[in-house]
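Let me begin by presenting the structure, written as structure tokens, before commenting on it.
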Amino acid sequence: MNPAYANSQKAIHWAVFLLVIGLYGLTYVADVFPRGDPGRAVVWWLHISFGLLLFMLVVLRVGLRLALGTPGLPLEMSHLERLLAKIAHVLLYALLVAIPVLGILLTWYRGDALSFFGLFTIPAPVSADRATAGFIKELHSLCANLILILAGLHAVAALWHHYVWKDDVLNRMLPGKSGA
């Protein structure tokens, strides 16, 4: 097994990280503009476009993970620690898939088409439904909050490995690092 992730996996990991933070931030930028303001519409257009980019990168990331695998965890980790790491990764991937899917459904149930930076548009295949859109919005927001919490714990664990246990867990994902 490789001592580090492939450079393509690292690049996508950090791009996904930046997109998640940026998308979360855009929701607050939208609140700067009143409803009906063209600036607010531009912010949501960017949010949807970057959300679609996130979804594409997550699909690519899952494909690379399946094709290339992952470096093994340190042998010093207990069975419980390995299990918790696997559960955390499964939850992160589940949220990374669920959030954009919910965002797509939310857009469509609001009666809007999906636009990817104006390059292409996917019309809503469903009729607008405010009640369904409201429910999906709540789920989308909940998942967005959960991923920030889980990603924060993920980062704390990586830093703990690096600075307290002094193993190569963090180095495996850092650009320019080879792991072991």
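Chain labels A, B, ... are given in the sequence in which chains occur in the structure tokens; within each chain residues are numbered consecutively from 1, and ligands are likewise numbered from 1 in the order shown.
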
Sorted by chain and rising residue number, which residues of segment 136-176 of chain A lie within 9 Å of segment 88-103 of chain A, and what are their closest atom pairs and distances in Å to one decimal, counting only C-alpha atoms, as a Markdown table?
```
| residue | atom | partner | partner_atom | distance |
| --- | --- | --- | --- | --- |
| A:Ile136 | CA | A:Leu102 | CA | 6.3 |
| A:Lys137 | CA | A:Leu102 | CA | 7.7 |
| A:Leu139 | CA | A:Leu102 | CA | 7.4 |
| A:His140 | CA | A:Leu102 | CA | 5.6 |
| A:Ser141 | CA | A:Ile99 | CA | 8.3 |
| A:Cys143 | CA | A:Ile99 | CA | 6.2 |
| A:Ala144 | CA | A:Ile99 | CA | 6.6 |
| A:Leu146 | CA | A:Leu95 | CA | 8.0 |
| A:Ile147 | CA | A:Leu95 | CA | 6.4 |
| A:Leu150 | CA | A:Leu92 | CA | 7.0 |
| A:Ala151 | CA | A:Leu92 | CA | 7.3 |
| A:Leu153 | CA | A:Ala88 | CA | 8.9 |
| A:His154 | CA | A:Ala88 | CA | 7.5 |
```

Check your understanding: Between atom CA of Pro74 of chain A and atom CA of Asp167 of chain A, what is the distance, to one decimal in Å?
Key ->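 Interatomic distance here is 7.5 Å.
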
Please identify which residues in chain A DSSP calls alpha helix (DSSP H) from the backbone, and express them as a JSON list (two decimals) with N, CA and C atoms, in the first residue's frame.
```json
[["chain", "number", "residue", "atom", "x", "y", "z"],
["A", 7, "ASN", "N", -1.18, 12.40, -5.85],
["A", 7, "ASN", "CA", -1.30, 13.85, -5.98],
["A", 7, "ASN", "C", -2.69, 14.27, -6.43],
["A", 8, "SER", "N", -3.32, 13.49, -7.31],
["A", 8, "SER", "CA", -4.67, 13.81, -7.76],
["A", 8, "SER", "C", -5.66, 13.74, -6.59],
["A", 9, "GLN", "N", -5.49, 12.76, -5.72],
["A", 9, "GLN", "CA", -6.37, 12.65, -4.55],
["A", 9, "GLN", "C", -6.16, 13.83, -3.60],
["A", 10, "LYS", "N", -4.90, 14.22, -3.41],
["A", 10, "LYS", "CA", -4.61, 15.36, -2.54],
["A", 10, "LYS", "C", -5.22, 16.64, -3.11],
["A", 11, "ALA", "N", -5.05, 16.86, -4.40],
["A", 11, "ALA", "CA", -5.57, 18.08, -5.02],
["A", 11, "ALA", "C", -7.09, 18.15, -4.87],
["A", 12, "ILE", "N", -7.77, 17.05, -5.10],
["A", 12, "ILE", "CA", -9.22, 17.04, -4.98],
["A", 12, "ILE", "C", -9.64, 17.22, -3.52],
["A", 13, "HIS", "N", -8.93, 16.59, -2.59],
["A", 13, "HIS", "CA", -9.24, 16.74, -1.17],
["A", 13, "HIS", "C", -9.24, 18.22, -0.78],
["A", 14, "TRP", "N", -8.18, 18.95, -1.15],
["A", 14, "TRP", "CA", -8.06, 20.34, -0.75],
["A", 14, "TRP", "C", -9.01, 21.23, -1.53],
["A", 15, "ALA", "N", -9.28, 20.90, -2.78],
["A", 15, "ALA", "CA", -10.27, 21.66, -3.56],
["A", 15, "ALA", "C", -11.66, 21.50, -2.94],
["A", 16, "VAL", "N", -12.00, 20.27, -2.54],
["A", 16, "VAL", "CA", -13.30, 20.02, -1.89],
["A", 16, "VAL", "C", -13.37, 20.79, -0.58],
["A", 17, "PHE", "N", -12.31, 20.77, 0.19],
["A", 17, "PHE", "CA", -12.27, 21.53, 1.45],
["A", 17, "PHE", "C", -12.56, 23.01, 1.19],
["A", 18, "LEU", "N", -11.86, 23.60, 0.22],
["A", 18, "LEU", "CA", -12.05, 25.02, -0.09],
["A", 18, "LEU", "C", -13.47, 25.29, -0.59],
["A", 19, "LEU", "N", -14.00, 24.39, -1.40],
["A", 19, "LEU", "CA", -15.37, 24.57, -1.90],
["A", 19, "LEU", "C", -16.39, 24.50, -0.77],
["A", 20, "VAL", "N", -16.24, 23.56, 0.13],
["A", 20, "VAL", "CA", -17.19, 23.45, 1.24],
["A", 20, "VAL", "C", -17.18, 24.74, 2.07],
["A", 21, "ILE", "N", -16.00, 25.23, 2.39],
["A", 21, "ILE", "CA", -15.89, 26.47, 3.17],
["A", 21, "ILE", "C", -16.46, 27.64, 2.38],
["A", 22, "GLY", "N", -16.10, 27.72, 1.10],
["A", 22, "GLY", "CA", -16.58, 28.82, 0.26],
["A", 22, "GLY", "C", -18.08, 28.80, 0.07],
["A", 23, "LEU", "N", -18.65, 27.62, -0.14],
["A", 23, "LEU", "CA", -20.10, 27.50, -0.30],
["A", 23, "LEU", "C", -20.82, 27.90, 0.97],
["A", 24, "TYR", "N", -20.30, 27.49, 2.09],
["A", 24, "TYR", "CA", -20.90, 27.88, 3.37],
["A", 24, "TYR", "C", -20.85, 29.40, 3.52],
["A", 25, "GLY", "N", -19.71, 29.97, 3.18],
["A", 25, "GLY", "CA", -19.55, 31.43, 3.26],
["A", 25, "GLY", "C", -20.50, 32.18, 2.34],
["A", 26, "LEU", "N", -20.73, 31.63, 1.15],
["A", 26, "LEU", "CA", -21.64, 32.29, 0.20],
["A", 26, "LEU", "C", -23.05, 32.42, 0.76],
["A", 27, "THR", "N", -23.47, 31.47, 1.60],
["A", 27, "THR", "CA", -24.82, 31.57, 2.17],
["A", 27, "THR", "C", -24.93, 32.82, 3.05],
["A", 28, "TYR", "N", -23.83, 33.21, 3.69],
["A", 28, "TYR", "CA", -23.85, 34.41, 4.53],
["A", 28, "TYR", "C", -23.73, 35.67, 3.67],
["A", 29, "VAL", "N", -22.99, 35.58, 2.58],
["A", 29, "VAL", "CA", -22.89, 36.72, 1.66],
["A", 29, "VAL", "C", -24.26, 37.03, 1.07],
["A", 30, "ALA", "N", -25.03, 35.99, 0.76],
["A", 30, "ALA", "CA", -26.37, 36.20, 0.19],
["A", 30, "ALA", "C", -27.24, 37.01, 1.14],
["A", 38, "PRO", "N", -30.63, 41.95, -7.27],
["A", 38, "PRO", "CA", -29.86, 41.18, -8.25],
["A", 38, "PRO", "C", -28.55, 40.61, -7.68],
["A", 39, "GLY", "N", -27.96, 41.29, -6.70],
["A", 39, "GLY", "CA", -26.73, 40.79, -6.07],
["A", 39, "GLY", "C", -26.97, 39.46, -5.38],
["A", 40, "ARG", "N", -28.12, 39.35, -4.72],
["A", 40, "ARG", "CA", -28.48, 38.10, -4.05],
["A", 40, "ARG", "C", -28.62, 36.98, -5.07],
["A", 41, "ALA", "N", -29.24, 37.27, -6.20],
["A", 41, "ALA", "CA", -29.41, 36.26, -7.26],
["A", 41, "ALA", "C", -28.05, 35.80, -7.79],
["A", 42, "VAL", "N", -27.11, 36.73, -7.93],
["A", 42, "VAL", "CA", -25.76, 36.36, -8.41],
["A", 42, "VAL", "C", -25.07, 35.45, -7.40],
["A", 43, "VAL", "N", -25.20, 35.78, -6.12],
["A", 43, "VAL", "CA", -24.58, 34.95, -5.08],
["A", 43, "VAL", "C", -25.15, 33.54, -5.12],
["A", 44, "TRP", "N", -26.48, 33.40, -5.25],
["A", 44, "TRP", "CA", -27.07, 32.06, -5.30],
["A", 44, "TRP", "C", -26.70, 31.34, -6.58],
["A", 45, "TRP", "N", -26.56, 32.07, -7.68],
["A", 45, "TRP", "CA", -26.11, 31.47, -8.94],
["A", 45, "TRP", "C", -24.70, 30.89, -8.75],
["A", 46, "LEU", "N", -23.83, 31.66, -8.08],
["A", 46, "LEU", "CA", -22.47, 31.17, -7.79],
["A", 46, "LEU", "C", -22.52, 29.97, -6.85],
["A", 47, "HIS", "N", -23.39, 30.04, -5.83],
["A", 47, "HIS", "CA", -23.52, 28.94, -4.88],
["A", 47, "HIS", "C", -23.92, 27.65, -5.61],
["A", 48, "ILE", "N", -24.89, 27.77, -6.49],
["A", 48, "ILE", "CA", -25.35, 26.59, -7.25],
["A", 48, "ILE", "C", -24.25, 26.09, -8.18],
["A", 49, "SER", "N", -23.58, 26.98, -8.88],
["A", 49, "SER", "CA", -22.52, 26.57, -9.81],
["A", 49, "SER", "C", -21.36, 25.89, -9.08],
["A", 50, "PHE", "N", -20.91, 26.51, -7.98],
["A", 50, "PHE", "CA", -19.83, 25.90, -7.21],
["A", 50, "PHE", "C", -20.29, 24.61, -6.53],
["A", 51, "GLY", "N", -21.57, 24.54, -6.15],
["A", 51, "GLY", "CA", -22.12, 23.30, -5.58],
["A", 51, "GLY", "C", -22.09, 22.16, -6.60],
["A", 52, "LEU", "N", -22.40, 22.47, -7.85],
["A", 52, "LEU", "CA", -22.31, 21.46, -8.91],
["A", 52, "LEU", "C", -20.87, 21.03, -9.13],
["A", 53, "LEU", "N", -19.94, 22.00, -9.07],
["A", 53, "LEU", "CA", -18.52, 21.66, -9.18],
["A", 53, "LEU", "C", -18.11, 20.75, -8.03],
["A", 54, "LEU", "N", -18.57, 21.06, -6.83],
["A", 54, "LEU", "CA", -18.29, 20.20, -5.68],
["A", 54, "LEU", "C", -18.78, 18.78, -5.95],
["A", 55, "PHE", "N", -20.00, 18.66, -6.44],
["A", 55, "PHE", "CA", -20.56, 17.34, -6.70],
["A", 55, "PHE", "C", -19.70, 16.57, -7.71],
["A", 56, "MET", "N", -19.27, 17.24, -8.78],
["A", 56, "MET", "CA", -18.42, 16.59, -9.78],
["A", 56, "MET", "C", -17.09, 16.14, -9.18],
["A", 57, "LEU", "N", -16.51, 16.98, -8.35],
["A", 57, "LEU", "CA", -15.24, 16.61, -7.71],
["A", 57, "LEU", "C", -15.41, 15.46, -6.73],
["A", 58, "VAL", "N", -16.52, 15.43, -6.02],
["A", 58, "VAL", "CA", -16.77, 14.33, -5.08],
["A", 58, "VAL", "C", -16.93, 13.02, -5.84],
["A", 59, "VAL", "N", -17.64, 13.04, -6.95],
["A", 59, "VAL", "CA", -17.78, 11.83, -7.77],
["A", 59, "VAL", "C", -16.40, 11.38, -8.25],
["A", 60, "LEU", "N", -15.59, 12.32, -8.71],
["A", 60, "LEU", "CA", -14.23, 12.00, -9.15],
["A", 60, "LEU", "C", -13.39, 11.47, -7.98],
["A", 61, "ARG", "N", -13.55, 12.09, -6.83],
["A", 61, "ARG", "CA", -12.80, 11.67, -5.65],
["A", 61, "ARG", "C", -13.15, 10.25, -5.23],
["A", 62, "VAL", "N", -14.43, 9.93, -5.24],
["A", 62, "VAL", "CA", -14.86, 8.57, -4.89],
["A", 62, "VAL", "C", -14.30, 7.58, -5.91],
["A", 63, "GLY", "N", -14.35, 7.94, -7.18],
["A", 63, "GLY", "CA", -13.79, 7.08, -8.22],
["A", 63, "GLY", "C", -12.30, 6.84, -8.01],
["A", 64, "LEU", "N", -11.56, 7.88, -7.70],
["A", 64, "LEU", "CA", -10.12, 7.73, -7.45],
["A", 64, "LEU", "C", -9.85, 6.90, -6.20],
["A", 65, "ARG", "N", -10.67, 7.07, -5.20],
["A", 65, "ARG", "CA", -10.50, 6.28, -3.97],
["A", 65, "ARG", "C", -10.71, 4.80, -4.27],
["A", 66, "LEU", "N", -11.73, 4.50, -5.08],
["A", 66, "LEU", "CA", -11.99, 3.11, -5.44],
["A", 66, "LEU", "C", -10.88, 2.55, -6.32],
["A", 67, "ALA", "N", -10.36, 3.37, -7.22],
["A", 67, "ALA", "CA", -9.32, 2.91, -8.16],
["A", 67, "ALA", "C", -7.94, 2.83, -7.51],
["A", 68, "LEU", "N", -7.60, 3.82, -6.69],
["A", 68, "LEU", "CA", -6.25, 3.91, -6.15],
["A", 68, "LEU", "C", -6.13, 3.45, -4.70],
["A", 79, "HIS", "N", -8.04, -0.88, 17.44],
["A", 79, "HIS", "CA", -9.18, -1.29, 16.62],
["A", 79, "HIS", "C", -10.28, -0.22, 16.69],
["A", 80, "LEU", "N", -10.53, 0.32, 17.88],
["A", 80, "LEU", "CA", -11.55, 1.34, 18.05],
["A", 80, "LEU", "C", -11.20, 2.60, 17.26],
["A", 81, "GLU", "N", -9.95, 3.02, 17.31],
["A", 81, "GLU", "CA", -9.53, 4.21, 16.57],
["A", 81, "GLU", "C", -9.68, 4.00, 15.06],
["A", 82, "ARG", "N", -9.32, 2.83, 14.58],
["A", 82, "ARG", "CA", -9.49, 2.52, 13.16],
["A", 82, "ARG", "C", -10.97, 2.54, 12.77],
["A", 83, "LEU", "N", -11.80, 1.97, 13.63],
["A", 83, "LEU", "CA", -13.24, 1.95, 13.37],
["A", 83, "LEU", "C", -13.80, 3.37, 13.34],
["A", 84, "LEU", "N", -13.40, 4.20, 14.30],
["A", 84, "LEU", "CA", -13.87, 5.59, 14.32],
["A", 84, "LEU", "C", -13.41, 6.35, 13.08],
["A", 85, "ALA", "N", -12.18, 6.10, 12.64],
["A", 85, "ALA", "CA", -11.68, 6.76, 11.43],
["A", 85, "ALA", "C", -12.51, 6.35, 10.22],
["A", 86, "LYS", "N", -12.83, 5.06, 10.11],
["A", 86, "LYS", "CA", -13.64, 4.59, 8.98],
["A", 86, "LYS", "C", -15.04, 5.18, 9.03],
["A", 87, "ILE", "N", -15.64, 5.21, 10.20],
["A", 87, "ILE", "CA", -16.99, 5.78, 10.35],
["A", 87, "ILE", "C", -16.97, 7.27, 9.96],
["A", 88, "ALA", "N", -15.97, 7.99, 10.43],
["A", 88, "ALA", "CA", -15.87, 9.42, 10.11],
["A", 88, "ALA", "C", -15.73, 9.64, 8.60],
["A", 89, "HIS", "N", -14.91, 8.83, 7.95],
["A", 89, "HIS", "CA", -14.74, 8.98, 6.50],
["A", 89, "HIS", "C", -16.02, 8.63, 5.75],
["A", 90, "VAL", "N", -16.71, 7.58, 6.17],
["A", 90, "VAL", "CA", -17.98, 7.23, 5.52],
["A", 90, "VAL", "C", -18.98, 8.37, 5.68],
["A", 91, "LEU", "N", -19.06, 8.94, 6.88],
["A", 91, "LEU", "CA", -19.98, 10.05, 7.11],
["A", 91, "LEU", "C", -19.59, 11.28, 6.29],
["A", 92, "LEU", "N", -18.29, 11.57, 6.20],
["A", 92, "LEU", "CA", -17.86, 12.70, 5.37],
["A", 92, "LEU", "C", -18.26, 12.50, 3.92],
["A", 93, "TYR", "N", -17.99, 11.32, 3.39],
["A", 93, "TYR", "CA", -18.37, 11.05, 1.99],
["A", 93, "TYR", "C", -19.87, 11.09, 1.81],
["A", 94, "ALA", "N", -20.63, 10.55, 2.76],
["A", 94, "ALA", "CA", -22.10, 10.57, 2.66],
["A", 94, "ALA", "C", -22.60, 12.01, 2.62],
["A", 95, "LEU", "N", -22.06, 12.85, 3.48],
["A", 95, "LEU", "CA", -22.47, 14.25, 3.49],
["A", 95, "LEU", "C", -22.03, 14.97, 2.23],
["A", 96, "LEU", "N", -20.83, 14.66, 1.73],
["A", 96, "LEU", "CA", -20.34, 15.30, 0.51],
["A", 96, "LEU", "C", -21.19, 14.93, -0.71],
["A", 97, "VAL", "N", -21.85, 13.80, -0.66],
["A", 97, "VAL", "CA", -22.78, 13.42, -1.73],
["A", 97, "VAL", "C", -24.15, 14.02, -1.45],
["A", 98, "ALA", "N", -24.62, 13.90, -0.21],
["A", 98, "ALA", "CA", -25.97, 14.33, 0.14],
["A", 98, "ALA", "C", -26.17, 15.83, -0.03],
["A", 99, "ILE", "N", -25.20, 16.63, 0.37],
["A", 99, "ILE", "CA", -25.38, 18.08, 0.34],
["A", 99, "ILE", "C", -25.62, 18.59, -1.08],
["A", 100, "PRO", "N", -24.78, 18.24, -2.07],
["A", 100, "PRO", "CA", -25.08, 18.73, -3.42],
["A", 100, "PRO", "C", -26.36, 18.13, -4.01],
["A", 101, "VAL", "N", -26.64, 16.87, -3.70],
["A", 101, "VAL", "CA", -27.89, 16.26, -4.21],
["A", 101, "VAL", "C", -29.09, 17.01, -3.64],
["A", 102, "LEU", "N", -29.05, 17.30, -2.35],
["A", 102, "LEU", "CA", -30.14, 18.08, -1.74],
["A", 102, "LEU", "C", -30.21, 19.48, -2.33],
["A", 103, "GLY", "N", -29.06, 20.07, -2.62],
["A", 103, "GLY", "CA", -29.04, 21.39, -3.24],
["A", 103, "GLY", "C", -29.66, 21.38, -4.64],
["A", 104, "ILE", "N", -29.37, 20.33, -5.39],
["A", 104, "ILE", "CA", -29.97, 20.18, -6.72],
["A", 104, "ILE", "C", -31.48, 20.06, -6.60],
["A", 105, "LEU", "N", -31.92, 19.18, -5.71],
["A", 105, "LEU", "CA", -33.36, 18.99, -5.51],
["A", 105, "LEU", "C", -34.03, 20.28, -5.02],
["A", 106, "LEU", "N", -33.37, 20.98, -4.12],
["A", 106, "LEU", "CA", -33.90, 22.25, -3.62],
["A", 106, "LEU", "C", -34.09, 23.24, -4.76],
["A", 107, "THR", "N", -33.09, 23.37, -5.59],
["A", 107, "THR", "CA", -33.18, 24.29, -6.73],
["A", 107, "THR", "C", -34.36, 23.93, -7.62],
["A", 108, "TRP", "N", -34.49, 22.66, -7.93],
["A", 108, "TRP", "CA", -35.58, 22.23, -8.80],
["A", 108, "TRP", "C", -36.94, 22.42, -8.15],
["A", 109, "TYR", "N", -37.08, 22.07, -6.86],
["A", 109, "TYR", "CA", -38.38, 22.23, -6.20],
["A", 109, "TYR", "C", -38.74, 23.69, -5.95],
["A", 130, "ARG", "N", -43.36, 24.54, -2.88],
["A", 130, "ARG", "CA", -42.75, 25.29, -1.77],
["A", 130, "ARG", "C", -42.57, 24.45, -0.52],
["A", 131, "ALA", "N", -43.54, 23.62, -0.21],
["A", 131, "ALA", "CA", -43.44, 22.80, 1.01],
["A", 131, "ALA", "C", -42.28, 21.81, 0.91],
["A", 132, "THR", "N", -42.17, 21.15, -0.23],
["A", 132, "THR", "CA", -41.07, 20.21, -0.43],
["A", 132, "THR", "C", -39.74, 20.96, -0.44],
["A", 133, "ALA", "N", -39.70, 22.12, -1.10],
["A", 133, "ALA", "CA", -38.47, 22.92, -1.13],
["A", 133, "ALA", "C", -38.07, 23.33, 0.28],
["A", 134, "GLY", "N", -39.03, 23.70, 1.10],
["A", 134, "GLY", "CA", -38.73, 24.10, 2.48],
["A", 134, "GLY", "C", -38.15, 22.95, 3.29],
["A", 135, "PHE", "N", -38.71, 21.76, 3.12],
["A", 135, "PHE", "CA", -38.20, 20.59, 3.83],
["A", 135, "PHE", "C", -36.78, 20.26, 3.37],
["A", 136, "ILE", "N", -36.57, 20.29, 2.06],
["A", 136, "ILE", "CA", -35.24, 19.99, 1.51],
["A", 136, "ILE", "C", -34.23, 21.04, 1.96],
["A", 137, "LYS", "N", -34.66, 22.30, 2.03],
["A", 137, "LYS", "CA", -33.76, 23.36, 2.49],
["A", 137, "LYS", "C", -33.28, 23.09, 3.91],
["A", 138, "GLU", "N", -34.19, 22.66, 4.77],
["A", 138, "GLU", "CA", -33.82, 22.33, 6.15],
["A", 138, "GLU", "C", -32.80, 21.18, 6.20],
["A", 139, "LEU", "N", -33.04, 20.15, 5.40],
["A", 139, "LEU", "CA", -32.08, 19.02, 5.34],
["A", 139, "LEU", "C", -30.73, 19.47, 4.80],
["A", 140, "HIS", "N", -30.76, 20.28, 3.75],
["A", 140, "HIS", "CA", -29.53, 20.80, 3.13],
["A", 140, "HIS", "C", -28.73, 21.60, 4.16],
["A", 141, "SER", "N", -29.41, 22.46, 4.90],
["A", 141, "SER", "CA", -28.75, 23.28, 5.93],
["A", 141, "SER", "C", -28.21, 22.41, 7.07],
["A", 142, "LEU", "N", -28.99, 21.44, 7.50],
["A", 142, "LEU", "CA", -28.55, 20.54, 8.56],
["A", 142, "LEU", "C", -27.28, 19.79, 8.14],
["A", 143, "CYS", "N", -27.30, 19.25, 6.94],
["A", 143, "CYS", "CA", -26.12, 18.51, 6.45],
["A", 143, "CYS", "C", -24.91, 19.43, 6.30],
["A", 144, "ALA", "N", -25.14, 20.67, 5.86],
["A", 144, "ALA", "CA", -24.03, 21.64, 5.73],
["A", 144, "ALA", "C", -23.42, 21.92, 7.10],
["A", 145, "ASN", "N", -24.27, 22.08, 8.12],
["A", 145, "ASN", "CA", -23.74, 22.30, 9.47],
["A", 145, "ASN", "C", -23.01, 21.06, 9.98],
["A", 146, "LEU", "N", -23.57, 19.88, 9.71],
["A", 146, "LEU", "CA", -22.93, 18.64, 10.16],
["A", 146, "LEU", "C", -21.56, 18.44, 9.52],
["A", 147, "ILE", "N", -21.44, 18.80, 8.23],
["A", 147, "ILE", "CA", -20.14, 18.57, 7.59],
["A", 147, "ILE", "C", -19.08, 19.51, 8.16],
["A", 148, "LEU", "N", -19.48, 20.71, 8.55],
["A", 148, "LEU", "CA", -18.49, 21.61, 9.17],
["A", 148, "LEU", "C", -18.01, 21.04, 10.50],
["A", 149, "ILE", "N", -18.93, 20.50, 11.27],
["A", 149, "ILE", "CA", -18.56, 19.89, 12.56],
["A", 149, "ILE", "C", -17.67, 18.68, 12.33],
["A", 150, "LEU", "N", -18.09, 17.80, 11.44],
["A", 150, "LEU", "CA", -17.32, 16.58, 11.19],
["A", 150, "LEU", "C", -15.96, 16.88, 10.56],
["A", 151, "ALA", "N", -15.93, 17.83, 9.63],
["A", 151, "ALA", "CA", -14.65, 18.22, 9.01],
["A", 151, "ALA", "C", -13.73, 18.84, 10.05],
["A", 152, "GLY", "N", -14.30, 19.60, 10.99],
["A", 152, "GLY", "CA", -13.50, 20.17, 12.07],
["A", 152, "GLY", "C", -12.89, 19.08, 12.94],
["A", 153, "LEU", "N", -13.68, 18.07, 13.28],
["A", 153, "LEU", "CA", -13.16, 16.94, 14.06],
["A", 153, "LEU", "C", -12.10, 16.18, 13.27],
["A", 154, "HIS", "N", -12.32, 16.04, 11.98],
["A", 154, "HIS", "CA", -11.37, 15.38, 11.08],
["A", 154, "HIS", "C", -10.02, 16.14, 11.10],
["A", 155, "ALA", "N", -10.09, 17.46, 11.04],
["A", 155, "ALA", "CA", -8.88, 18.27, 11.06],
["A", 155, "ALA", "C", -8.18, 18.17, 12.42],
["A", 156, "VAL", "N", -8.94, 18.20, 13.50],
["A", 156, "VAL", "CA", -8.36, 18.06, 14.84],
["A", 156, "VAL", "C", -7.66, 16.72, 14.97],
["A", 157, "ALA", "N", -8.29, 15.66, 14.46],
["A", 157, "ALA", "CA", -7.67, 14.33, 14.52],
["A", 157, "ALA", "C", -6.37, 14.30, 13.73],
["A", 158, "ALA", "N", -6.37, 14.91, 12.54],
["A", 158, "ALA", "CA", -5.15, 14.93, 11.73],
["A", 158, "ALA", "C", -4.04, 15.70, 12.44],
["A", 159, "LEU", "N", -4.39, 16.82, 13.05],
["A", 159, "LEU", "CA", -3.38, 17.60, 13.78],
["A", 159, "LEU", "C", -2.91, 16.86, 15.03],
["A", 160, "TRP", "N", -3.80, 16.15, 15.68],
["A", 160, "TRP", "CA", -3.44, 15.33, 16.84],
["A", 160, "TRP", "C", -2.41, 14.27, 16.44]]
```

Exercise for review: Can you check which residues of segment 6-175 of chain A DSSP gives as strand (DSSP E) on the backbone and send them as JSON, numbers by chain?
Suggested key: {"A": [114, 115, 121, 122]}

Practice item. Identify, on the basis of only C-alpha atoms, every residue whose closest approach to His162 of chain A does not exceed 12 Å; exclude the query and any residue fewer than 6 positions from it along the same chain; express the result as an MDAnalysis selection string. Key: chainID A and resid 74 155:156 168:174 179

Review point. What is the atom CA of Ser78 of chain A-atom CA of Pro3 of chain A distance in Å, reported with one decimal?
Key: 19.0 Å

Point to revise | Spatial neighbours of Ala124 of chain A, 7 Å, only C-alpha atoms, chain gap at least 3 places, as a list in words | key: Trp108, Gly111, Asp112 and Ala113 of chain A

Selected residues written out with C-alpha atoms, as an mmCIF file, in the first residue's frame:
```
data_model
loop_
_atom_site.group_PDB
_atom_site.id
_atom_site.type_symbol
_atom_site.label_atom_id
_atom_site.label_comp_id
_atom_site.auth_asym_id
_atom_site.auth_seq_id
_atom_site.Cartn_x
_atom_site.Cartn_y
_atom_site.Cartn_z
ATOM 1 C CA TRP A 108 -35.582 22.232 -8.805
ATOM 2 C CA GLY A 111 -38.885 25.914 -9.722
ATOM 3 C CA ASP A 112 -35.442 26.965 -10.913
ATOM 4 C CA ALA A 113 -33.132 25.419 -13.470
#
```

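The two atoms in question, atom CA of Phe33 of chain A and atom CA of Arg110 of chain A, are spaced 19.1 Å apart.
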